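Just below is one structure, and these are the notes that go with it.
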Amino acid sequence: MENFLTIATGVDTTPILLAIKRRPELWKADDYLRNYPQGPFKEVESILLRFPPITVVELQEDAEKLLADRRYDPHECVSRPEMQQVPEARTLAMMLMARVEGERLGRVMINKIVPGGRIFPHADTPEHADYYTRFHICLYGLPGATIRCADERRSFRTGDVFWFNNKLDHEVVNNSAEERISMVVDIRTSRP
């Protein structure tokens with residue numbers, strides 16, 4: 001398994017699942033990823049917990065000026081109000097930061113894919129994928145939900161935590177009978 005590494009299994013995801021079940025409005029709080037032009041998330045609902053403070057659309061409008069500003073950090077992510085409403089997500093992200101000896105927390109988001117839904121094939125932008133390491137915590141996953149990275153395909157179950165090489169073409173297909181819910185956590189590590 002060249003493009004996947006299991007970090008942990010059996011993580012208790014019940015507290016965070018209960019928290020998001022109690023707040024279904026969070027799935028509709030921000031549809032930025034779902035509506036991103038030609039984006040791979042058309043069939044996905046997301047809860048953005050930590051994300052860059054400037055949207056890609058805003059960045060495109062002022063890209064040259066912003067990139068010339070030496071104070072601008074393109075990797076900066078900030079906690080959004082949704083993070084305060086789901087503190088269980090912070091607990092899981094900090095557990096993972098400690099496990100991998102993380103130095104900086106990036107994006108944190110929860111994605112839900114309905115049965116028959118998918119995240120379409122894509123590779124993450126090199127600037128982002130080179131800076132952060134991408135981890136997933138499978139909050140709820142049943143057999144039939146698979147993630148493909150390059151030519152490898154894996155199925156992760158509830159409580160599995162894993163790394164995969166998001167620099168390569170990847171996709172998620174949920175052919176299970178229920179929703180697949182996962183938490184994406186980007187962490188800067190001291191890797192070479």
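Residue numbering restarts at 1 for every chain of the structure tokens, chains are lettered A, B, ... in their displayed order, and ligands are numbered from 1 as they appear.
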- Got a sec to tell me which of stretch 16-133 of chain A DSSP assigns to strand (DSSP E or B), as a VMD selection string? chain A and resid 44 to 51 78 to 79 104 to 113 118 to 122 133
Would you mind exporting C-alpha atoms of the selected residues as a PDB file, in the first residue's frame?
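part_31.pdb was written with the following content:
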ATOM      1  CA  VAL A  44     -20.993  16.216  -1.186  1.00  0.00           C
ATOM      2  CA  GLU A  45     -22.249  18.186   1.784  1.00  0.00           C
ATOM      3  CA  SER A  46     -19.470  19.709   3.888  1.00  0.00           C
ATOM      4  CA  ILE A  47     -19.042  21.376   7.235  1.00  0.00           C
ATOM      5  CA  LEU A  48     -16.055  23.722   6.962  1.00  0.00           C
ATOM      6  CA  LEU A  49     -14.489  23.918  10.426  1.00  0.00           C
ATOM      7  CA  ARG A  50     -11.106  25.455   9.546  1.00  0.00           C
ATOM      8  CA  PHE A  51     -10.505  26.998   6.167  1.00  0.00           C
ATOM      9  CA  VAL A  78      -8.708  29.944  10.613  1.00  0.00           C
ATOM     10  CA  SER A  79     -11.309  28.302  12.781  1.00  0.00           C
ATOM     11  CA  ARG A 104       0.544  23.499  12.165  1.00  0.00           C
ATOM     12  CA  LEU A 105      -3.129  22.729  11.702  1.00  0.00           C
ATOM     13  CA  GLY A 106      -4.598  23.531   8.304  1.00  0.00           C
ATOM     14  CA  ARG A 107      -8.007  22.792   6.853  1.00  0.00           C
ATOM     15  CA  VAL A 108     -10.475  20.743   8.859  1.00  0.00           C
ATOM     16  CA  MET A 109     -13.765  19.777   7.270  1.00  0.00           C
ATOM     17  CA  ILE A 110     -16.371  17.076   7.528  1.00  0.00           C
ATOM     18  CA  ASN A 111     -17.698  15.589   4.297  1.00  0.00           C
ATOM     19  CA  LYS A 112     -20.872  13.570   3.861  1.00  0.00           C
ATOM     20  CA  ILE A 113     -21.509  11.458   0.763  1.00  0.00           C
ATOM     21  CA  ARG A 118     -19.064  10.451  -4.905  1.00  0.00           C
ATOM     22  CA  ILE A 119     -16.204  12.890  -4.748  1.00  0.00           C
ATOM     23  CA  PHE A 120     -15.124  13.066  -8.367  1.00  0.00           C
ATOM     24  CA  PRO A 121     -11.535  12.265  -9.454  1.00  0.00           C
ATOM     25  CA  HIS A 122      -9.060  15.052  -8.789  1.00  0.00           C
ATOM     26  CA  THR A 133      -0.105  16.304   4.898  1.00  0.00           C
TER      27      THR A 133
END
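Using only C-alpha atoms for every distance, the candidate list A:Pro87, A:Pro40, A:Pro143, A:Pro126 yields A:Pro87 as the residue closest to A:Pro15.
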- Item | Filtered DSSP result for stretch 9-140 of chain A, state helix (DSSP H, G or I), as number ranges by chain | A: 14-22, 24-28, 56-61, 63-68, 81-85, 87-99, 126-131
- Message: From the options A:Leu142, A:Ile187, A:Val172, A:Val86, which residue's atoms come nearest to A:His128, counting only C-alpha atoms?
- Response: A:Ile187
- Query: If we count only C-alpha atoms, what is near A:Thr125 at a cut-off of 9 Å, once residues fewer than 5 positions away on the same chain are taken out, given as a VMD selection string?
  - Reply: chain A and resid 130 166 to 167
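Closest to A:Val173 among A:Glu25, A:Glu88, A:Glu43, A:Glu2 is A:Glu43, based on only C-alpha atoms.
You can rank A:Glu152, A:Asp12, A:Asp30, A:Asp73 by their closest distance to A:Thr91 using only C-alpha atoms, and at the top of that list sits A:Asp12.
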- Query: Closest to A:Ile16 among A:Met183, A:Ala145, A:Ala29, A:Val100, using only C-alpha atoms?
  - Reply: A:Met183
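The gap separating atom CA of A:Val185 from atom CA of A:Ile137 is 7.8 Å, in Å to one decimal.
Using only C-alpha atoms, the nearest neighbour of A:Asp186 within the list A:Ala123, A:Leu96, A:Ala150, A:Leu168 is A:Leu96.
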